[in-house]
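Source file protein.tsv; content: TSV, C-alpha atoms and all ligand atoms.
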```tsv
chain	number	residue	atom	x	y	z
A	45	PRO	CA	-41.29	173.59	53.93
A	46	LEU	CA	-45.01	173.18	54.56
A	47	LYS	CA	-45.64	173.75	50.88
A	48	THR	CA	-43.10	171.10	50.00
A	49	VAL	CA	-44.74	168.62	52.32
A	50	ALA	CA	-48.11	169.37	50.81
A	51	LYS	CA	-46.71	168.89	47.33
A	52	MET	CA	-45.15	165.59	48.29
A	53	LEU	CA	-48.40	164.39	49.81
A	54	ALA	CA	-50.30	165.40	46.70
A	55	LEU	CA	-47.82	163.56	44.50
A	56	ALA	CA	-48.00	160.50	46.69
A	57	SER	CA	-51.75	160.46	46.46
A	58	VAL	CA	-51.69	160.77	42.66
A	59	PHE	CA	-49.18	157.90	42.60
A	60	ALA	CA	-51.29	155.81	44.94
A	61	THR	CA	-54.44	156.33	42.89
A	62	SER	CA	-52.87	155.70	39.52
A	63	PHE	CA	-51.18	152.52	40.63
A	64	ASN	CA	-54.03	151.47	42.86
A	65	VAL	CA	-51.72	151.37	45.87
A	66	PHE	CA	-53.43	152.47	49.10
A	67	ALA	CA	-56.35	153.56	46.90
A	68	ALA	CA	-59.52	154.06	48.88
A	69	PRO	CA	-62.17	151.45	48.12
A	70	VAL	CA	-64.96	152.43	45.77
A	71	GLU	CA	-68.06	153.27	47.76
A	72	ILE	CA	-71.34	151.79	46.52
A	73	LYS	CA	-74.35	153.53	48.02
A	74	PHE	CA	-77.59	151.60	48.49
A	75	SER	CA	-80.52	153.74	49.53
A	76	HIS	CA	-84.00	152.56	50.49
A	77	VAL	CA	-87.11	153.77	52.26
A	78	VAL	CA	-87.99	150.95	54.67
A	79	ALA	CA	-86.72	149.92	58.11
A	80	GLU	CA	-83.83	147.51	58.59
A	81	ASN	CA	-86.06	144.74	60.02
A	82	THR	CA	-87.77	144.21	56.65
A	83	PRO	CA	-87.05	141.97	53.65
A	84	LYS	CA	-85.47	144.86	51.73
A	85	GLY	CA	-83.57	146.16	54.76
A	86	GLN	CA	-82.07	142.73	55.45
A	87	MET	CA	-81.33	142.10	51.80
A	88	ALA	CA	-79.35	145.35	51.54
A	89	LEU	CA	-77.30	144.51	54.64
A	90	LYS	CA	-76.53	141.03	53.29
A	91	PHE	CA	-75.40	142.58	50.02
A	92	LYS	CA	-73.04	144.86	51.94
A	93	GLU	CA	-71.63	141.92	53.89
A	94	LEU	CA	-71.03	139.76	50.81
A	95	VAL	CA	-69.51	142.47	48.62
A	96	GLU	CA	-67.12	143.60	51.35
A	97	GLN	CA	-66.19	139.99	52.13
A	98	ARG	CA	-65.49	139.10	48.51
A	99	LEU	CA	-63.90	142.33	47.30
A	100	PRO	CA	-62.07	143.45	50.45
A	101	GLY	CA	-60.44	146.84	50.23
A	102	GLU	CA	-61.80	147.33	46.72
A	103	TYR	CA	-65.48	148.04	47.29
A	104	THR	CA	-67.53	149.11	50.28
A	105	VAL	CA	-71.31	149.27	50.42
A	106	SER	CA	-73.03	151.97	52.45
A	107	VAL	CA	-76.67	151.26	53.18
A	108	PHE	CA	-79.05	154.13	53.94
A	109	PRO	CA	-82.44	152.90	55.25
A	110	ASN	CA	-85.64	154.81	56.15
A	111	SER	CA	-85.46	157.42	53.36
A	112	GLN	CA	-82.42	158.86	55.19
A	113	LEU	CA	-80.53	159.65	52.02
A	114	PHE	CA	-83.19	159.62	49.31
A	115	GLY	CA	-86.93	158.99	49.43
A	116	ASP	CA	-89.68	158.03	47.02
A	117	ASN	CA	-89.64	161.38	45.29
A	118	ASN	CA	-85.99	161.47	44.34
A	119	GLU	CA	-84.26	158.07	44.58
A	120	LEU	CA	-84.51	157.23	40.89
A	121	ALA	CA	-83.38	160.68	39.80
A	122	ALA	CA	-80.46	160.35	42.23
A	123	LEU	CA	-79.58	157.00	40.68
A	124	LEU	CA	-79.36	158.53	37.22
A	125	LEU	CA	-77.13	161.29	38.63
A	126	ASN	CA	-74.89	158.61	40.18
A	127	ASP	CA	-75.51	160.05	43.66
A	128	VAL	CA	-76.55	156.54	44.64
A	129	GLN	CA	-75.69	153.28	42.86
A	130	PHE	CA	-78.39	150.85	44.02
A	131	VAL	CA	-82.04	151.37	44.88
A	132	ALA	CA	-84.93	148.91	45.08
A	133	PRO	CA	-88.19	150.82	44.72
A	134	SER	CA	-91.49	149.01	44.79
A	135	LEU	CA	-92.69	148.09	41.31
A	136	SER	CA	-95.38	150.76	41.68
A	137	LYS	CA	-92.82	153.55	41.64
A	138	PHE	CA	-91.37	153.27	38.14
A	139	GLU	CA	-94.30	154.80	36.31
A	140	ARG	CA	-92.29	157.78	35.06
A	141	TYR	CA	-89.80	155.43	33.42
A	142	THR	CA	-92.04	152.66	32.08
A	143	LYS	CA	-95.76	151.90	32.03
A	144	ARG	CA	-95.19	148.18	31.56
A	145	LEU	CA	-94.43	147.50	35.23
A	146	GLN	CA	-97.88	148.77	36.16
A	147	VAL	CA	-99.02	145.22	35.50
A	148	PHE	CA	-98.01	144.49	39.11
A	149	ASP	CA	-100.49	147.07	40.41
A	150	LEU	CA	-103.58	145.66	38.71
A	151	PRO	CA	-105.95	144.70	41.54
A	152	PHE	CA	-106.74	141.01	42.07
A	153	LEU	CA	-104.40	139.88	39.31
A	154	PHE	CA	-102.16	137.44	41.19
A	155	ASN	CA	-103.67	134.70	43.36
A	156	ASP	CA	-100.65	134.51	45.64
A	157	MET	CA	-96.90	135.07	45.88
A	158	ASP	CA	-96.14	131.83	44.06
A	159	ALA	CA	-97.96	133.19	41.03
A	160	VAL	CA	-96.06	136.49	41.33
A	161	ASN	CA	-92.82	134.57	41.46
A	162	ARG	CA	-93.67	132.42	38.45
A	163	PHE	CA	-94.51	135.51	36.43
A	164	GLN	CA	-91.33	137.35	37.45
A	165	GLN	CA	-89.10	134.38	36.66
A	166	GLY	CA	-90.84	133.62	33.36
A	167	GLU	CA	-90.05	135.12	29.99
A	168	ALA	CA	-92.34	138.15	30.27
A	169	GLY	CA	-91.19	138.99	33.78
A	170	GLN	CA	-87.53	138.72	32.85
A	171	ALA	CA	-88.08	140.96	29.82
A	172	LEU	CA	-89.55	143.60	32.13
A	173	LEU	CA	-86.18	143.87	33.88
A	174	ASN	CA	-85.00	145.60	30.70
A	175	SER	CA	-88.07	147.78	30.27
A	176	MET	CA	-86.21	150.93	31.35
A	177	SER	CA	-82.94	150.36	29.50
A	178	ARG	CA	-83.58	153.31	27.21
A	179	LYS	CA	-83.83	155.51	30.29
A	180	GLY	CA	-80.49	154.26	31.58
A	181	ILE	CA	-81.94	152.03	34.31
A	182	VAL	CA	-80.81	148.40	34.59
A	183	GLY	CA	-83.09	145.92	36.36
A	184	LEU	CA	-80.95	143.36	38.21
A	185	GLY	CA	-83.64	141.29	39.89
A	186	TYR	CA	-86.97	141.15	41.68
A	187	LEU	CA	-87.29	141.09	45.43
A	188	HIS	CA	-90.45	140.05	47.25
A	189	ASN	CA	-92.29	141.74	50.04
A	190	GLY	CA	-95.80	140.31	49.90
A	191	MET	CA	-99.48	140.76	49.26
A	192	LYS	CA	-101.16	144.00	50.30
A	193	GLN	CA	-103.97	144.46	52.83
A	194	PHE	CA	-106.20	147.48	53.40
A	195	THR	CA	-105.94	149.31	56.70
A	196	ALA	CA	-108.35	151.99	57.94
A	197	ASN	CA	-109.99	153.43	61.01
A	198	THR	CA	-113.15	151.59	60.22
A	199	PRO	CA	-113.83	147.96	59.28
A	200	LEU	CA	-113.78	147.60	55.50
A	201	LYS	CA	-116.04	144.69	54.66
A	202	GLN	CA	-117.74	145.83	51.49
A	203	PRO	CA	-116.44	148.16	48.82
A	204	SER	CA	-119.03	150.76	49.87
A	205	ASP	CA	-117.33	150.95	53.30
A	206	ALA	CA	-114.40	152.68	51.59
A	207	LYS	CA	-116.53	155.32	49.94
A	208	GLY	CA	-115.39	158.88	50.62
A	209	LEU	CA	-112.37	157.77	52.67
A	210	LYS	CA	-108.88	159.06	51.87
A	211	PHE	CA	-106.28	156.40	51.18
A	212	ARG	CA	-102.60	156.95	50.73
A	213	VAL	CA	-101.27	155.30	47.58
A	214	MET	CA	-97.81	155.03	46.09
A	215	ALA	CA	-97.22	157.22	43.02
A	216	SER	CA	-99.10	154.94	40.62
A	217	ASP	CA	-102.09	155.83	38.46
A	218	VAL	CA	-103.29	152.22	38.62
A	219	LEU	CA	-103.41	152.31	42.41
A	220	ALA	CA	-105.23	155.64	42.28
A	221	ALA	CA	-107.76	154.15	39.84
A	222	GLN	CA	-108.23	151.16	42.14
A	223	PHE	CA	-109.44	153.47	44.94
A	224	ASP	CA	-111.43	155.66	42.54
A	225	ALA	CA	-113.30	152.50	41.58
A	226	VAL	CA	-114.77	152.18	45.09
A	227	GLY	CA	-115.50	155.88	45.43
A	228	ALA	CA	-112.56	156.47	47.78
A	229	ILE	CA	-110.10	159.34	47.49
A	230	PRO	CA	-106.55	158.26	46.62
A	231	VAL	CA	-103.75	160.49	47.86
A	232	LYS	CA	-100.26	159.95	46.40
A	233	LYS	CA	-97.69	160.38	49.16
A	234	PRO	CA	-94.14	159.20	49.83
A	235	PHE	CA	-93.71	156.28	52.21
A	236	SER	CA	-91.85	158.40	54.77
A	237	GLU	CA	-94.96	160.53	55.38
A	238	VAL	CA	-97.55	157.80	55.81
A	239	PHE	CA	-97.34	157.28	59.57
A	240	THR	CA	-97.80	160.97	60.36
A	241	LEU	CA	-100.63	161.31	57.85
A	242	LEU	CA	-102.45	158.42	59.51
A	243	GLN	CA	-101.69	159.58	63.02
A	244	THR	CA	-102.98	163.09	62.39
A	245	ARG	CA	-105.97	161.68	60.53
A	246	ALA	CA	-105.07	163.65	57.43
A	247	ILE	CA	-105.82	160.36	55.67
A	248	ASP	CA	-108.10	157.52	56.71
A	249	GLY	CA	-106.27	154.48	55.46
A	250	GLN	CA	-103.61	152.91	53.30
A	251	GLU	CA	-102.71	149.62	51.67
A	252	ASN	CA	-99.57	147.70	52.45
A	253	THR	CA	-97.96	144.39	53.31
A	254	TRP	CA	-97.96	142.95	56.82
A	255	SER	CA	-94.24	143.69	56.99
A	256	ASN	CA	-94.57	147.40	56.20
A	257	THR	CA	-97.67	147.82	58.34
A	258	TYR	CA	-95.73	146.30	61.24
A	259	SER	CA	-92.31	147.91	60.79
A	260	GLN	CA	-93.77	151.39	60.26
A	261	LYS	CA	-96.22	150.96	63.15
A	262	PHE	CA	-99.19	151.80	60.94
A	263	TYR	CA	-101.23	149.31	62.99
A	264	GLU	CA	-100.81	151.55	66.02
A	265	VAL	CA	-102.76	154.30	64.28
A	266	GLN	CA	-105.26	152.19	62.33
A	267	SER	CA	-108.11	150.41	64.08
A	268	HIS	CA	-108.76	147.75	61.41
A	269	ILE	CA	-106.90	145.67	58.85
A	270	THR	CA	-108.83	143.93	56.13
A	271	GLU	CA	-107.10	140.78	54.94
A	272	SER	CA	-107.82	141.37	51.28
A	273	ASN	CA	-104.65	140.17	49.53
A	274	HIS	CA	-105.84	142.37	46.68
A	275	GLY	CA	-102.49	143.24	45.20
A	276	VAL	CA	-98.76	142.68	45.41
A	277	LEU	CA	-95.94	144.85	46.74
A	278	ASP	CA	-92.64	143.71	45.32
A	279	TYR	CA	-89.44	145.44	44.29
A	280	MET	CA	-87.00	145.70	41.45
A	281	VAL	CA	-83.37	146.15	42.42
A	282	VAL	CA	-81.95	148.60	39.92
A	283	THR	CA	-78.68	150.33	39.13
A	284	SER	CA	-77.79	152.81	36.43
A	285	ASP	CA	-76.46	151.72	33.10
A	286	ALA	CA	-73.56	154.17	33.50
A	287	PHE	CA	-72.47	152.78	36.85
A	288	TRP	CA	-72.97	149.14	35.85
A	289	LYS	CA	-70.87	149.56	32.71
A	290	SER	CA	-68.16	151.42	34.61
A	291	LEU	CA	-67.40	148.27	36.64
A	292	PRO	CA	-64.68	145.93	35.40
A	293	ALA	CA	-66.35	142.74	34.12
A	294	ASP	CA	-64.88	140.48	36.81
A	295	LYS	CA	-65.98	142.79	39.64
A	296	ARG	CA	-69.43	143.17	38.10
A	297	LYS	CA	-69.78	139.41	38.14
A	298	VAL	CA	-68.88	139.17	41.83
A	299	ILE	CA	-71.27	142.01	42.69
A	300	LYS	CA	-74.12	140.45	40.69
A	301	GLU	CA	-73.62	137.10	42.43
A	302	ALA	CA	-73.61	138.82	45.82
A	303	LEU	CA	-76.84	140.54	44.85
A	304	ASP	CA	-78.52	137.33	43.72
A	305	GLU	CA	-77.64	135.66	47.01
A	306	SER	CA	-78.87	138.65	49.00
A	307	ILE	CA	-82.14	138.62	47.08
A	308	ALA	CA	-82.60	134.92	47.82
A	309	LEU	CA	-82.18	135.68	51.52
A	310	GLY	CA	-84.54	138.68	51.26
A	311	ASN	CA	-87.20	136.48	49.65
A	312	LYS	CA	-86.91	133.94	52.42
A	313	ILE	CA	-87.30	136.69	55.02
A	314	ALA	CA	-90.27	138.12	53.11
A	315	ALA	CA	-92.11	134.80	53.31
A	316	GLU	CA	-91.35	134.48	57.03
A	317	LYS	CA	-92.24	138.06	57.92
A	318	ASP	CA	-95.53	137.84	56.11
A	319	ASN	CA	-96.72	135.43	58.81
A	320	GLU	CA	-94.66	136.69	61.74
A	321	ASP	CA	-95.46	140.38	61.37
A	322	LYS	CA	-99.14	139.63	60.90
A	323	GLN	CA	-99.07	137.68	64.16
A	324	LEU	CA	-97.20	140.47	65.98
A	325	ILE	CA	-99.84	142.95	64.86
A	326	LEU	CA	-102.69	140.69	65.96
A	327	ASP	CA	-100.95	140.03	69.30
A	328	SER	CA	-100.67	143.77	69.92
A	329	LYS	CA	-104.48	144.00	69.89
A	330	LEU	CA	-104.09	147.56	68.67
A	331	SER	CA	-105.68	146.78	65.34
A	332	GLN	CA	-108.49	144.34	64.59
A	333	LEU	CA	-108.43	141.83	61.80
A	334	VAL	CA	-111.28	141.95	59.31
A	335	THR	CA	-111.65	138.82	57.21
A	336	LEU	CA	-113.74	138.64	54.08
A	337	SER	CA	-116.05	135.80	53.16
A	338	PRO	CA	-115.61	134.60	49.56
A	339	ALA	CA	-118.79	136.46	48.62
A	340	GLU	CA	-117.57	139.68	50.25
A	341	ARG	CA	-114.21	139.42	48.58
A	342	GLN	CA	-115.90	138.86	45.25
A	343	GLN	CA	-117.63	142.22	45.62
A	344	TRP	CA	-114.24	143.96	45.79
A	345	VAL	CA	-113.07	141.99	42.76
A	346	ASP	CA	-116.15	142.99	40.78
A	347	VAL	CA	-115.71	146.69	41.52
A	348	MET	CA	-111.93	146.90	41.15
A	349	LYS	CA	-111.16	144.56	38.29
A	350	PRO	CA	-112.54	146.86	35.57
A	351	VAL	CA	-109.42	148.97	36.25
A	352	TRP	CA	-107.45	146.45	34.17
A	353	SER	CA	-109.04	147.45	30.89
A	354	LYS	CA	-108.22	151.13	31.48
A	355	PHE	CA	-104.54	150.32	31.54
A	356	GLU	CA	-104.44	147.49	29.05
A	357	ASP	CA	-102.96	149.54	26.22
A	358	GLN	CA	-100.24	151.08	28.39
A	359	VAL	CA	-99.23	147.88	30.15
A	360	GLY	CA	-99.61	145.63	27.12
A	361	LYS	CA	-102.19	142.91	26.62
A	362	ASP	CA	-99.44	140.31	26.23
A	363	VAL	CA	-97.93	141.25	29.60
A	364	ILE	CA	-101.29	141.03	31.37
A	365	GLU	CA	-102.03	137.68	29.77
A	366	ALA	CA	-98.67	136.29	30.84
A	367	ALA	CA	-99.36	137.46	34.40
A	368	VAL	CA	-102.82	135.87	34.45
A	369	ALA	CA	-101.35	132.64	33.07
A	370	ALA	CA	-98.90	132.53	35.99
A	371	ASN	CA	-101.86	131.76	38.30
A	372	LYS	CA	-102.00	128.39	36.54
B	401	LIG	C1	-94.65	151.96	50.09
B	401	LIG	O1	-94.36	153.08	49.64
B	401	LIG	O2	-95.69	151.73	50.72
B	401	LIG	C2	-93.68	150.83	49.88
B	401	LIG	O3	-93.30	150.82	48.54
B	401	LIG	C3	-92.47	151.01	50.73
B	401	LIG	C4	-91.48	149.93	50.43
B	401	LIG	O4	-90.44	150.22	49.84
B	401	LIG	O5	-91.76	148.78	50.80
```

In structure tokens, how does this file's structure come out?
Amino acid sequence: PLKTVAKMLALASVFATSFNVFAAPVEIKFSHVVAENTPKGQMALKFKELVEQRLPGEYTVSVFPNSQLFGDNNELAALLLNDVQFVAPSLSKFERYTKRLQVFDLPFLFNDMDAVNRFQQGEAGQALLNSMSRKGIVGLGYLHNGMKQFTANTPLKQPSDAKGLKFRVMASDVLAAQFDAVGAIPVKKPFSEVFTLLQTRAIDGQENTWSNTYSQKFYEVQSHITESNHGVLDYMVVTSDAFWKSLPADKRKVIKEALDESIALGNKIAAEKDNEDKQLILDSKLSQLVTLSPAERQQWVDVMKPVWSKFEDQVGKDVIEAAVAANK
């Protein structure tokens, strides 16, 4: 009799799946490497809320923050294996799939986040969303975090202050070249390891946004933060071509709209956190702010900007020109 029951249950489940009765909702996994109290963390949670509200019982979204499921070294590979359906790596982390996005890493290219936004929303920026289509990666939109600052255990005023120091960088040859240019030693490491590397003094510094420096507590293990605004840290929300095409057109539309709305919220939070998290760090008094005079900042520009020409062929002159033009 047990066998019969088992058979009946099996039949019922086949019936349920084929006729979509009692079928379990499709699980969409969204993995990222930052904390929940960040622009990307909040954006992912909003996406979950909207998808589950609008496609109840049909789709669920599981969000995995803090490199819990996949980290910098494997999230894009996992996406292509369909082990995860959405990731939003920083634009510096796509180098293995396209060199074009390295435009975002060129030091002192964008004056501010408004310029970054204009470039992303313009023709060249929108075309870059499709720059990995031959690799099976679909770019669905840009998400902001903010401008990057240098942190270290010493005040960085002039480029020579960075000489010989080890800085963690994301896996980007442009970012490595940027530190080479000042005689520093770039060390490519995943985000999840940065705090420990700083705490144990295995590295001397890093570059990041106010939001990441706050939410990862980097400021607790770095004595100084130089407000350099030398580069941008933004994201591309991506899915795989295979997963995206597997969705029925009407569901895909709902999911894309939910994503666009979540990104809009994430961008709003990014702008707010940029100020708030900076203030929280300053209030903590654990890390001192180093500001640069225009002349001091110009020294960094002069030393780092030659990096552009090294990558001009890979990135594309047209792309760089469009980015420069976005400064207006
Ligand atoms: C980093 O690795 O420093 C950042 O890209 C982390 C993130 O996703 O904001």

Extending 6 Å beyond the listed atoms of range 285-299 of chain A on each side, what axis-aligned box results? I want centre and edge lengths in Å to one decimal, as JSON.
```
{"center_x": -70.6, "center_y": 146.7, "center_z": 37.7, "size_x": 23.8, "size_y": 27.0, "size_z": 22.0}
```

Using only C-alpha atoms and all ligand atoms, what does the table of chain A residues within 10 Å of ligand LIG 401 (chain B) look like, with each row giving the shortest atom pair and its distance in Å to one decimal, sorted by chain and ascending number, as a tab-separated table?
```
residue	atom	partner	partner_atom	distance
A:His76	CA	B:LIG401	O4	6.9
A:Val77	CA	B:LIG401	O4	5.4
A:Val78	CA	B:LIG401	O4	5.5
A:Ala79	CA	B:LIG401	O5	9.0
A:Thr82	CA	B:LIG401	O5	8.4
A:Pro83	CA	B:LIG401	O5	8.8
A:Lys84	CA	B:LIG401	O5	7.5
A:Gly85	CA	B:LIG401	O4	9.4
A:Asn110	CA	B:LIG401	O4	9.2
A:Ser111	CA	B:LIG401	O4	9.4
A:Gly115	CA	B:LIG401	O4	9.5
A:Asp116	CA	B:LIG401	O1	7.3
A:Val131	CA	B:LIG401	O4	9.8
A:Ala132	CA	B:LIG401	O4	7.4
A:Pro133	CA	B:LIG401	O4	5.6
A:Ser134	CA	B:LIG401	O3	4.5
A:Leu135	CA	B:LIG401	O3	7.8
A:Ser136	CA	B:LIG401	O3	7.2
A:Lys137	CA	B:LIG401	O3	7.4
A:His188	CA	B:LIG401	O5	9.5
A:Asn189	CA	B:LIG401	O5	7.1
A:Gly190	CA	B:LIG401	O5	9.4
A:Lys192	CA	B:LIG401	O2	9.5
A:Arg212	CA	B:LIG401	O2	8.7
A:Val213	CA	B:LIG401	O2	7.3
A:Met214	CA	B:LIG401	O1	5.3
A:Ala215	CA	B:LIG401	O1	8.3
A:Lys232	CA	B:LIG401	O1	9.6
A:Lys233	CA	B:LIG401	O1	8.0
A:Pro234	CA	B:LIG401	O1	6.1
A:Phe235	CA	B:LIG401	O1	4.2
A:Ser236	CA	B:LIG401	O1	7.8
A:Glu237	CA	B:LIG401	O1	9.4
A:Val238	CA	B:LIG401	O2	8.1
A:Gln250	CA	B:LIG401	O2	8.4
A:Glu251	CA	B:LIG401	O2	7.4
A:Asn252	CA	B:LIG401	O2	5.9
A:Thr253	CA	B:LIG401	O5	8.0
A:Ser255	CA	B:LIG401	O5	8.4
A:Asn256	CA	B:LIG401	O5	6.2
A:Thr257	CA	B:LIG401	O2	8.8
A:Gln260	CA	B:LIG401	C3	9.6
A:Leu277	CA	B:LIG401	O3	6.8
A:Asp278	CA	B:LIG401	O5	7.5
A:Tyr279	CA	B:LIG401	O4	7.4
```

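You can rank A:Met191, A:Val359, A:Val218, A:Met87 by their closest distance to Asn161 in chain A using all atoms listed in the file, and at the top of that list sits A:Met191.
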
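Nearest-residue note for Phe194 in chain A: choosing from A:Leu124, A:Ala171, A:Val334, A:Val226, the minimum distance belongs to A:Val334, counting only C-alpha atoms.
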
Test item: residues at most 12 Å from Ser328 in chain A, only C-alpha atoms, excluding those fewer than 4 positions along its chain, as JSON, numbers by chain | {"A": [258, 261, 263, 264, 267, 321, 322, 323, 324, 332, 333]}

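In this structure, CA of Gln358 in chain A sits 24.2 Å away from CA of Lys372 in chain A.
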
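Across A:Ser284, A:Ser259, A:Gln243, A:Gln170, the tightest approach to Ala122 in chain A is made by A:Ser284 when counting only C-alpha atoms.
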
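The list of residues with at least one atom within 12 Å of Asp304 in chain A, based on only C-alpha atoms and without residues fewer than 3 positions apart in the same chain, reads Met87, Ala88, Lys90, Phe91, Leu94, Val95, Leu184, Gly185, Tyr186, Leu187, Val281, Lys297, Val298, Ile299, Lys300, Glu301, Ile307, Ala308, Leu309, Gly310 and Asn311 of chain A.
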
Store the residues of this selection in a file with C-alpha atoms, as a PDB file, keeping the file's coordinate frame.
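Result written to again_24.pdb:
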```
ATOM      1  CA  MET A  87     -81.330 142.100  51.800  1.00  0.00           C
ATOM      2  CA  ALA A  88     -79.350 145.350  51.540  1.00  0.00           C
ATOM      3  CA  LYS A  90     -76.530 141.030  53.290  1.00  0.00           C
ATOM      4  CA  PHE A  91     -75.400 142.580  50.020  1.00  0.00           C
ATOM      5  CA  LEU A  94     -71.030 139.760  50.810  1.00  0.00           C
ATOM      6  CA  VAL A  95     -69.510 142.470  48.620  1.00  0.00           C
ATOM      7  CA  LEU A 184     -80.950 143.360  38.210  1.00  0.00           C
ATOM      8  CA  GLY A 185     -83.640 141.290  39.890  1.00  0.00           C
ATOM      9  CA  TYR A 186     -86.970 141.150  41.680  1.00  0.00           C
ATOM     10  CA  LEU A 187     -87.290 141.090  45.430  1.00  0.00           C
ATOM     11  CA  VAL A 281     -83.370 146.150  42.420  1.00  0.00           C
ATOM     12  CA  LYS A 297     -69.780 139.410  38.140  1.00  0.00           C
ATOM     13  CA  VAL A 298     -68.880 139.170  41.830  1.00  0.00           C
ATOM     14  CA  ILE A 299     -71.270 142.010  42.690  1.00  0.00           C
ATOM     15  CA  LYS A 300     -74.120 140.450  40.690  1.00  0.00           C
ATOM     16  CA  GLU A 301     -73.620 137.100  42.430  1.00  0.00           C
ATOM     17  CA  ILE A 307     -82.140 138.620  47.080  1.00  0.00           C
ATOM     18  CA  ALA A 308     -82.600 134.920  47.820  1.00  0.00           C
ATOM     19  CA  LEU A 309     -82.180 135.680  51.520  1.00  0.00           C
ATOM     20  CA  GLY A 310     -84.540 138.680  51.260  1.00  0.00           C
ATOM     21  CA  ASN A 311     -87.200 136.480  49.650  1.00  0.00           C
TER      22      ASN A 311
END
```

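Minimum atom-to-atom distance to Pro203 in chain A, evaluated using all atoms listed in the file, belongs to A:Trp344 out of A:Phe152, A:Tyr141, A:Trp344, A:Phe239.
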
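Closest approach to Ser331 in chain A among A:Pro199, A:Pro109, A:Gly169, A:Pro151 is made by A:Pro199 (distances from all atoms listed in the file).
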
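For the residues A:Ala293, A:Lys179, A:Gln202, A:Ala370, ranking by smallest atom-to-atom distance to Gln165 in chain A using only C-alpha atoms places A:Ala370 first.
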